[in-house]
file final.cif (mmCIF, C-alpha atoms)
data_run
loop_
_atom_site.label_atom_id
_atom_site.label_comp_id
_atom_site.auth_asym_id
_atom_site.auth_seq_id
_atom_site.Cartn_x
_atom_site.Cartn_y
_atom_site.Cartn_z
CA MET R 1 -28.69 194.49 54.28
CA ALA R 2 -31.27 194.60 51.66
CA ARG R 3 -34.70 193.69 52.62
CA GLY R 4 -36.19 190.76 50.81
CA TYR R 5 -37.49 187.27 51.28
CA ARG R 6 -35.48 184.46 52.96
CA ASN R 7 -35.91 180.72 52.09
CA TYR R 8 -38.80 179.28 54.11
CA ARG R 9 -37.97 176.32 56.40
CA GLY R 10 -41.32 175.24 57.68
CA ARG R 11 -41.40 173.30 60.99
CA THR R 12 -42.15 169.46 60.80
CA SER R 13 -44.85 168.31 63.17
CA VAL R 14 -43.83 165.66 65.76
CA GLY R 15 -47.14 163.85 65.23
CA LYS R 16 -46.38 163.31 61.59
CA ILE R 17 -43.08 161.65 62.43
CA VAL R 18 -44.69 159.25 64.85
CA LEU R 19 -47.39 158.39 62.34
CA ALA R 20 -44.79 157.55 59.68
CA VAL R 21 -42.89 155.27 62.05
CA LEU R 22 -46.08 153.40 62.97
CA LEU R 23 -46.96 152.98 59.32
CA VAL R 24 -43.57 151.43 58.62
CA LEU R 25 -43.96 149.06 61.58
CA VAL R 26 -47.42 147.97 60.39
CA ILE R 27 -46.10 147.25 56.94
CA LEU R 28 -43.16 145.23 58.32
CA THR R 29 -45.49 143.28 60.64
CA ALA R 30 -47.83 142.42 57.78
CA LEU R 31 -44.98 141.24 55.63
CA GLY R 32 -43.60 139.14 58.50
CA ALA R 33 -47.01 137.58 59.12
CA LEU R 34 -47.31 136.63 55.47
CA ALA R 35 -43.82 135.13 55.51
CA MET R 36 -44.49 133.11 58.65
CA GLN R 37 -47.96 131.93 57.64
CA ARG R 38 -46.64 128.55 56.47
CA TYR R 39 -45.23 127.83 59.96
CA ILE R 40 -48.58 128.27 61.72
CA ALA R 41 -50.44 125.05 62.54
CA TYR R 42 -53.54 124.18 64.51
CA ASP R 43 -54.11 121.52 67.16
CA GLU R 44 -57.11 119.23 67.41
CA ASN R 45 -59.11 121.97 69.22
CA GLY R 46 -58.44 124.55 66.51
CA THR R 47 -55.93 126.54 68.58
CA PRO R 48 -53.12 127.93 66.42
CA PHE R 49 -49.51 127.35 67.35
CA PHE R 50 -46.17 128.17 65.81
CA ARG R 51 -44.24 125.22 64.30
CA LEU R 52 -40.55 125.63 63.63
CA PRO R 53 -39.37 124.57 60.20
CA GLU R 54 -37.76 121.14 60.00
CA ARG R 55 -34.09 120.96 59.29
CA GLN R 56 -33.49 120.13 55.67
CA THR R 57 -31.05 117.34 54.88
CA ALA R 58 -29.20 116.72 51.72
CA ALA R 59 -30.76 114.32 49.26
CA PRO R 60 -29.12 110.89 49.29
CA SER R 61 -26.51 110.37 46.66
CA PRO R 62 -27.08 107.69 44.02
CA ALA R 63 -24.49 105.53 45.80
CA ASP R 64 -26.48 105.57 49.04
CA PRO R 65 -28.95 102.71 49.55
CA PRO R 66 -32.60 103.76 49.24
CA PRO R 67 -34.40 104.37 52.54
CA GLU R 68 -36.56 101.55 53.88
CA GLN R 69 -40.14 101.82 52.78
CA THR R 70 -42.77 101.86 55.44
CA PRO R 71 -45.72 99.45 55.54
CA GLU R 72 -48.05 102.46 55.39
CA ASP R 73 -47.06 102.93 51.76
CA PRO R 74 -49.15 100.47 49.70
CA ASP R 75 -46.54 100.50 46.94
CA SER R 76 -43.83 99.51 49.41
CA LEU R 77 -45.43 96.21 50.52
CA GLU R 78 -43.44 93.12 49.49
CA VAL R 79 -45.66 90.39 48.09
CA ILE R 80 -44.54 86.91 49.24
CA VAL R 81 -46.03 83.93 47.45
CA GLN R 82 -46.31 80.97 49.83
CA GLU R 83 -45.54 77.85 47.86
CA PRO R 84 -47.40 74.70 48.92
CA GLU R 85 -45.40 72.32 51.06
CA LYS R 86 -44.12 69.15 49.47
CA PRO R 87 -46.07 66.08 50.46
CA ALA R 88 -44.51 63.92 53.15
CA VAL R 89 -44.73 60.92 50.85
CA PHE R 90 -44.89 60.15 47.19
CA GLN R 91 -46.52 57.22 45.53
CA ILE R 92 -44.80 54.29 43.84
CA TYR R 93 -46.42 52.61 40.89
CA SER R 94 -46.38 48.83 41.26
CA LEU R 95 -46.03 46.76 38.12
CA ALA R 96 -47.76 43.39 38.08
CA ALA R 97 -45.80 40.18 38.51
CA ALA R 98 -45.58 39.12 34.88
CA PRO R 99 -43.03 39.20 32.09
CA LEU R 100 -42.38 42.89 31.55
CA THR R 101 -43.07 44.22 28.06
CA THR R 102 -42.68 47.59 26.39
CA ALA R 103 -46.46 47.97 26.48
CA ASP R 104 -46.45 47.38 30.23
CA TRP R 105 -43.92 50.14 30.81
CA GLU R 106 -45.65 52.59 28.47
CA SER R 107 -48.95 51.97 30.25
CA ALA R 108 -47.24 52.43 33.60
CA LYS R 109 -45.73 55.75 32.57
CA ALA R 110 -49.09 56.97 31.28
CA ALA R 111 -50.81 55.95 34.52
CA MET R 112 -48.08 57.38 36.73
CA GLY R 113 -48.20 60.92 35.39
CA GLU R 114 -46.78 63.41 37.88
CA THR R 115 -48.43 61.93 40.96
CA PHE R 116 -46.06 58.99 41.24
CA GLY R 117 -42.46 59.36 42.29
CA GLY R 118 -41.22 55.93 41.29
CA VAL R 119 -41.97 52.39 40.27
CA ALA R 120 -41.78 48.99 41.96
CA VAL R 121 -41.04 46.15 39.57
CA THR R 122 -41.63 42.56 40.64
CA LEU R 123 -38.47 40.65 39.79
CA ARG R 124 -39.40 37.51 41.71
CA ASP R 125 -42.89 36.44 42.72
CA ALA R 126 -44.28 34.26 45.52
CA GLN R 127 -43.85 31.11 43.41
CA GLY R 128 -40.15 31.75 42.81
CA ALA R 129 -40.61 32.84 39.18
CA VAL R 130 -37.92 35.30 38.07
CA PHE R 131 -38.82 38.10 35.65
CA PHE R 132 -35.39 39.17 34.47
CA PRO R 133 -32.64 37.35 32.55
CA SER R 134 -30.87 35.58 35.40
CA GLN R 135 -27.80 33.38 35.24
CA VAL R 136 -28.39 32.20 38.80
CA ALA R 137 -32.05 31.15 38.71
CA ASP R 138 -33.24 27.79 37.47
CA LYS R 139 -34.00 27.95 33.76
CA GLU R 140 -37.61 26.93 34.35
CA ALA R 141 -38.01 29.79 36.84
CA VAL R 142 -36.97 32.51 34.39
CA GLN R 143 -39.97 33.99 32.61
CA THR R 144 -38.99 36.86 30.36
CA VAL R 145 -39.71 38.09 26.88
CA GLN R 146 -37.45 39.63 24.26
CA GLY R 147 -36.42 43.14 25.22
CA THR R 148 -36.86 42.71 28.98
CA THR R 149 -33.24 43.62 29.69
CA GLU R 150 -33.54 46.82 27.66
CA ILE R 151 -36.79 47.79 29.36
CA LEU R 152 -35.34 47.27 32.83
CA ALA R 153 -32.25 49.26 31.88
CA HIS R 154 -34.47 52.07 30.65
CA ILE R 155 -36.50 52.07 33.89
CA THR R 156 -33.48 52.08 36.19
CA GLY R 157 -31.82 54.71 34.00
CA GLU R 158 -34.60 57.24 34.63
CA GLU R 159 -32.93 59.93 36.76
CA ASP R 160 -36.13 61.20 38.39
CA VAL R 161 -37.70 57.78 39.04
CA TYR R 162 -37.00 55.90 42.27
CA THR R 163 -36.83 52.20 41.40
CA ILE R 164 -37.65 49.28 43.69
CA ALA R 165 -37.15 45.61 42.91
CA ARG R 166 -39.90 43.66 44.63
CA PHE R 167 -38.33 40.38 45.62
CA SER R 168 -40.28 37.50 47.15
CA CYS R 169 -37.85 35.68 49.36
CA LEU R 170 -38.55 32.15 50.66
CA PRO R 171 -41.51 30.66 48.71
CA ASP R 172 -40.07 28.88 45.67
CA ALA R 173 -41.53 26.19 43.42
CA PHE R 174 -38.30 25.71 41.43
CA ALA R 175 -35.04 26.04 43.34
CA PRO R 176 -35.59 23.34 45.98
CA TYR R 177 -35.40 20.75 43.21
CA THR R 178 -32.34 22.20 41.43
CA ASP R 179 -29.29 19.97 40.99
CA ASN R 180 -30.04 18.00 44.13
CA ARG R 181 -28.74 20.91 46.21
CA PRO R 182 -30.22 20.94 49.72
CA MET R 183 -32.12 24.24 49.66
CA GLY R 184 -35.73 23.37 50.46
CA MET R 185 -37.64 23.08 53.74
CA LYS R 186 -38.36 19.46 54.62
CA ASN R 187 -40.96 17.67 56.66
CA LYS R 188 -39.84 15.57 59.60
CA ASN R 189 -40.11 12.50 57.36
CA GLY R 190 -37.61 14.01 54.90
CA MET R 191 -40.16 14.87 52.21
CA MET R 192 -40.39 18.37 50.75
CA PHE R 193 -42.66 20.70 52.71
CA HIS R 194 -45.55 22.40 50.90
CA GLY R 195 -47.26 25.45 52.33
CA GLY R 196 -49.42 28.06 50.66
CA GLY R 197 -49.42 26.07 47.43
CA THR R 198 -45.66 25.90 46.95
CA THR R 199 -42.36 24.64 48.34
CA TRP R 200 -40.05 26.86 50.39
CA LEU R 201 -36.36 27.67 50.65
CA ASP R 202 -34.80 26.93 54.03
CA PRO R 203 -32.81 29.96 55.30
CA SER R 204 -30.76 27.71 57.57
CA ARG R 205 -29.20 26.00 54.54
CA PRO R 206 -26.11 27.75 53.09
CA ALA R 207 -27.07 26.74 49.55
CA ALA R 208 -30.45 28.50 49.89
CA ARG R 209 -28.83 31.68 51.20
CA GLU R 210 -26.22 31.60 48.45
CA TYR R 211 -28.95 31.23 45.83
CA LEU R 212 -30.96 34.19 47.14
CA CYS R 213 -27.85 36.33 47.44
CA GLY R 214 -26.96 35.54 43.84
CA LEU R 215 -30.37 36.71 42.67
CA ALA R 216 -30.15 39.85 44.80
CA ARG R 217 -26.72 40.62 43.34
CA GLU R 218 -28.10 40.36 39.81
CA ALA R 219 -31.00 42.65 40.75
CA ALA R 220 -28.58 45.19 42.17
CA GLU R 221 -26.51 45.08 39.01
CA LEU R 222 -29.61 46.02 37.03
CA GLY R 223 -29.42 49.43 38.71
CA PHE R 224 -32.34 49.41 41.14
CA ASP R 225 -32.25 51.82 44.09
CA GLU R 226 -33.79 49.38 46.53
CA ILE R 227 -34.62 45.71 46.94
CA LEU R 228 -37.82 45.05 48.86
CA LEU R 229 -38.02 41.62 50.44
CA THR R 230 -41.49 40.16 50.74
CA ASP R 231 -42.40 36.73 52.15
CA THR R 232 -39.22 36.82 54.19
CA GLY R 233 -40.50 34.75 57.14
CA TYR R 234 -41.25 31.06 57.63
CA PRO R 235 -44.52 29.67 56.17
CA THR R 236 -47.73 30.32 58.06
CA GLN R 237 -49.91 27.95 56.02
CA GLY R 238 -49.82 24.22 55.49
CA ASP R 239 -49.33 21.34 57.90
CA LEU R 240 -46.83 23.19 60.09
CA GLY R 241 -46.78 20.37 62.63
CA LYS R 242 -44.87 18.21 60.14
CA LEU R 243 -42.29 20.89 59.29
CA ASN R 244 -38.73 20.18 60.37
CA TYR R 245 -37.47 23.52 61.73
CA GLY R 246 -33.99 22.16 62.52
CA SER R 247 -31.88 22.64 65.60
CA THR R 248 -31.47 26.41 65.38
CA SER R 249 -34.20 28.95 65.99
CA MET R 250 -36.17 30.52 63.19
CA GLU R 251 -35.05 33.97 64.32
CA ASP R 252 -31.39 33.00 64.07
CA ASN R 253 -31.86 31.42 60.65
CA LEU R 254 -33.60 34.51 59.29
CA ALA R 255 -30.86 36.71 60.73
CA LEU R 256 -28.27 34.65 58.84
CA LEU R 257 -30.14 35.21 55.59
CA TRP R 258 -30.63 38.96 56.12
CA ALA R 259 -27.00 39.44 57.10
CA ASP R 260 -25.83 37.68 53.93
CA LEU R 261 -28.19 39.75 51.76
CA LEU R 262 -27.10 42.98 53.40
CA GLN R 263 -23.45 42.14 52.86
CA THR R 264 -24.18 41.28 49.21
CA LEU R 265 -25.92 44.59 48.51
CA GLU R 266 -23.64 46.98 50.38
CA PRO R 267 -21.01 47.30 47.60
CA TYR R 268 -23.77 48.45 45.22
CA GLY R 269 -25.24 51.09 47.50
CA VAL R 270 -28.65 49.48 47.17
CA LYS R 271 -31.06 49.72 50.10
CA LEU R 272 -32.43 46.55 51.65
CA SER R 273 -36.04 46.87 52.78
CA MET R 274 -38.57 44.42 54.16
CA GLU R 275 -42.32 44.08 54.10
CA LEU R 276 -43.60 42.77 57.45
CA PRO R 277 -47.08 41.59 58.41
CA GLU R 278 -48.94 44.23 60.35
CA ALA R 279 -49.12 41.91 63.38
CA VAL R 280 -45.32 41.70 63.56
CA ILE R 281 -45.15 45.47 64.01
CA SER R 282 -48.09 45.84 66.37
CA ASP R 283 -47.12 42.84 68.55
CA GLY R 284 -43.37 42.99 68.04
CA GLN R 285 -43.23 39.43 66.74
CA GLU R 286 -45.07 36.63 64.98
CA ALA R 287 -44.21 33.27 66.48
CA VAL R 288 -45.40 31.16 63.57
CA SER R 289 -43.22 32.94 60.97
CA GLY R 290 -40.23 33.64 63.22
CA LEU R 291 -40.37 37.33 62.32
CA THR R 292 -39.63 39.95 64.95
CA LEU R 293 -39.68 43.70 64.54
CA ALA R 294 -36.35 44.15 66.31
CA GLY R 295 -34.73 41.43 64.19
CA ALA R 296 -35.87 42.99 60.92
CA ALA R 297 -34.89 46.47 62.05
CA ALA R 298 -31.36 45.26 62.69
CA TYR R 299 -30.84 44.57 58.97
CA ALA R 300 -33.41 46.57 56.98
CA ASP R 301 -32.88 50.14 55.84
CA LEU R 302 -36.64 50.56 55.50
CA ILE R 303 -39.69 48.65 56.69
CA TYR R 304 -43.04 48.34 54.94
CA ALA R 305 -46.41 46.96 55.95
CA VAL R 306 -49.78 46.54 54.31
CA THR R 307 -52.12 48.55 56.48
CA ALA R 308 -55.05 50.95 56.58
CA PRO R 309 -54.36 54.71 56.54
CA GLY R 310 -55.59 55.11 60.11
CA GLN R 311 -53.04 52.60 61.39
CA ALA R 312 -50.02 53.99 59.59
CA GLU R 313 -49.01 56.51 62.26
CA ILE R 314 -49.43 53.97 65.07
CA LEU R 315 -47.30 51.38 63.32
CA SER R 316 -44.77 54.02 62.32
CA ASN R 317 -44.18 55.00 65.93
CA LEU R 318 -43.66 51.36 66.89
CA VAL R 319 -41.12 50.88 64.11
CA LEU R 320 -39.21 54.06 64.86
CA GLN R 321 -38.87 53.06 68.50
CA THR R 322 -36.51 50.33 67.30
CA GLU R 323 -34.25 52.83 65.54
CA GLY R 324 -31.66 52.77 68.28
CA GLU R 325 -31.48 48.99 68.14
CA GLY R 326 -30.86 48.61 64.43
CA ARG R 327 -30.34 50.29 61.09
CA VAL R 328 -33.98 50.91 60.18
CA GLN R 329 -34.53 54.48 59.03
CA GLU R 330 -38.26 54.73 58.75
CA PHE R 331 -41.59 52.97 58.38
CA LEU R 332 -43.22 52.98 54.96
CA PRO R 333 -46.84 51.84 54.93
CA GLU R 334 -48.35 50.24 51.87
CA LEU R 335 -51.82 51.74 51.69
CA THR R 336 -54.62 50.23 49.67
CA ALA R 337 -55.47 52.40 46.67
CA PRO R 338 -58.81 54.26 46.73
CA ASP R 339 -59.65 52.88 43.29
CA PRO R 340 -61.46 49.55 43.89
CA ASP R 341 -60.32 48.32 40.47
CA TRP R 342 -56.65 48.75 41.36
CA ASP R 343 -55.20 45.35 42.19
CA GLY R 344 -51.87 46.49 43.65
CA PRO R 345 -50.74 48.50 46.65
CA PHE R 346 -49.46 52.02 46.72
CA LEU R 347 -46.00 52.20 48.21
CA LEU R 348 -45.33 55.36 50.15
CA LEU R 349 -41.81 56.74 50.41
CA PRO R 350 -40.25 59.98 51.71
CA ALA R 351 -40.44 62.92 49.39
CA ALA R 352 -37.33 63.80 47.47
CA GLU R 353 -35.33 66.62 49.00
#
call {"tool": "encode", "arguments": {"input": "final.cif", "output": "structure tokens"}}
result
Amino acid sequence: MARGYRNYRGRTSVGKIVLAVLLVLVILTALGALAMQRYIAYDENGTPFFRLPERQTAAPSPADPPPEQTPEDPDSLEVIVQEPEKPAVFQIYSLAAAPLTTADWESAKAAMGETFGGVAVTLRDAQGAVFFPSQVADKEAVQTVQGTTEILAHITGEEDVYTIARFSCLPDAFAPYTDNRPMGMKNKNGMMFHGGGTTWLDPSRPAAREYLCGLAREAAELGFDEILLTDTGYPTQGDLGKLNYGSTSMEDNLALLWADLLQTLEPYGVKLSMELPEAVISDGQEAVSGLTLAGAAAYADLIYAVTAPGQAEILSNLVLQTEGEGRVQEFLPELTAPDPDWDGPFLLLPAAE
């Protein structure tokens, strides 16, 4: 074999192999540390710890409802505007007892504004004068002007205005002398009784009750929501010792009148209300007038009284205690207006629902 050079296969050192393996491991460790850096967190003491990645969920589809927003997000807070509560009562503007004119109604509307929820119109005053065209009343008692019917129709036609016909009941300077019909209260000597400056209708007499029911029917036909009876008891002034009260009690006679009026108004859906003296409510009765709280509550849908604001709640509780005994729904105080120049009461009624 010829002598020459063979290919050289130098020996690889074991140390070099180990060094290469270590270098690869260092590189892999460094890369792993960089990759896992985002999963390292620190506790409150600064000690690092490894936090596993949270499981990712699919984004909600457009059809899915949006997740509830938390109160911590200022933009997620729902702003609720609390509206002021409606007042428990609203005021009724009271028109004076006089022939009603267009100017009267225009002035009333201007004064009412938005603070009044209705109007009380006097259709019959404490002398028996009637302020609407009546076919029942004595001609001398009717005191109207041209256009009164149209004005009343306009008032009662107001959808947002609660209308009350104020109706004085028993005092009457006209009807007791009409057509020789026995309607008036008499003295024991047979002469006409005068009390409080006028004569009075006698509720025990059928003709007197028929007359008052006829007037109430006409008032209901005008379209009023309510008829408020005032002066609905026996007279408290005058020479009462001479008055012939008859053989039946005052309470029974008044009940006859109220029952007839209630029956007259029911087909029209008109409320029957009564104004009682404060003493009748606080004491339960007034002997001189024959009025009793329980008797009135048996026929009235609503009861009024002229009182001071501080007494209203007390009287109201007394009235409502009679609810189970009659048809009365609630007590409605008539409070004196704060304006000293105002010459009429404010009527307070429940707020509209």
call {"tool": "resolve_selection", "arguments": {"input": "final.cif", "expression": "the PyMOL selection byres ((chain R and resi 223) around 10)", "output": "MDAnalysis selection string"}}
result
chainID R and resid 152:157 163:165 218:222 224:226 268:270
call {"tool": "residues_around", "arguments": {"input": "final.cif", "residues": "range 296-299 of chain R", "least_positions_apart": "2", "cutoff": "12 Å", "atoms": "all atoms listed in the file", "output": "NGL selection string"}}
result
:R and (229-230 or 232-233 or 251-252 or 254-263 or 265-266 or 271-277 or 280-281 or 284-286 or 290-294 or 301-304 or 318-331)
call {"tool": "atom_distance", "arguments": {"input": "final.cif", "atom1": "CA of Thr101 in chain R", "atom2": "CA of Thr144 in chain R"}}
result
8.7 Å
call {"tool": "atom_distance", "arguments": {"input": "final.cif", "atom1": "CA of Arg166 in chain R", "atom2": "CA of Met112 in chain R"}}
result
17.8 Å
call {"tool": "residues_around", "arguments": {"input": "final.cif", "residues": "Val145 in chain R", "least_positions_apart": "6", "cutoff": "9 Å", "atoms": "all atoms listed in the file", "output": "list in words"}}
result
Pro99, Leu100, Thr101, Phe131 and Phe132 of chain R
call {"tool": "closest_residue", "arguments": {"input": "final.cif", "among": "R:Ser289, R:Ser282, R:Asn187, R:Ser94", "to": "Ser107 in chain R", "atoms": "all atoms listed in the file"}}
result
R:Ser94
call {"tool": "resolve_selection", "arguments": {"input": "final.cif", "expression": "the PyMOL selection byres ((chain R and resi 123) around 10)", "output": "list in words"}}
result
Leu95, Ala96, Ala97, Ala98, Pro99, Leu100, Ala120, Val121, Thr122, Arg124, Asp125, Gly128, Ala129, Val130, Phe131, Phe132, Pro133, Val142, Gln143, Ile164, Ala165, Arg166, Phe167, Ser168, Leu215, Ala216, Ala219 and Ile227 of chain R
call {"tool": "atom_distance", "arguments": {"input": "final.cif", "atom1": "CA of Arg205 in chain R", "atom2": "CA of Pro182 in chain R"}}
result
7.1 Å
call {"tool": "closest_residue", "arguments": {"input": "final.cif", "among": "R:Met185, R:Ala137, R:Ile151, R:Cys169", "to": "Trp105 in chain R", "atoms": "all atoms listed in the file"}}
result
R:Ile151
call {"tool": "resolve_selection", "arguments": {"input": "final.cif", "expression": "the PyMOL selection byres ((chain R and resi 237) around 6)", "output": "PDB file with C-alpha atoms, in the frame of the given file"}}
result
ATOM      1  CA  GLY R 195     -47.260  25.450  52.330  1.00  0.00           C
ATOM      2  CA  GLY R 196     -49.420  28.060  50.660  1.00  0.00           C
ATOM      3  CA  PRO R 235     -44.520  29.670  56.170  1.00  0.00           C
ATOM      4  CA  THR R 236     -47.730  30.320  58.060  1.00  0.00           C
ATOM      5  CA  GLY R 238     -49.820  24.220  55.490  1.00  0.00           C
TER       6      GLY R 238
END
call {"tool": "closest_residue", "arguments": {"input": "final.cif", "among": "R:Thr264, R:Ser249, R:Thr29, R:Gln127", "to": "Gly197 in chain R", "atoms": "only C-alpha atoms"}}
result
R:Gln127
call {"tool": "axis_aligned_box", "arguments": {"input": "final.cif", "around": "range 244-257 of chain R", "padding_each_side": "8 Å", "output": "JSON"}}
result
{"center_x": -33.5, "center_y": 28.4, "center_z": 60.8, "size_x": 26.5, "size_y": 32.5, "size_z": 26.4}
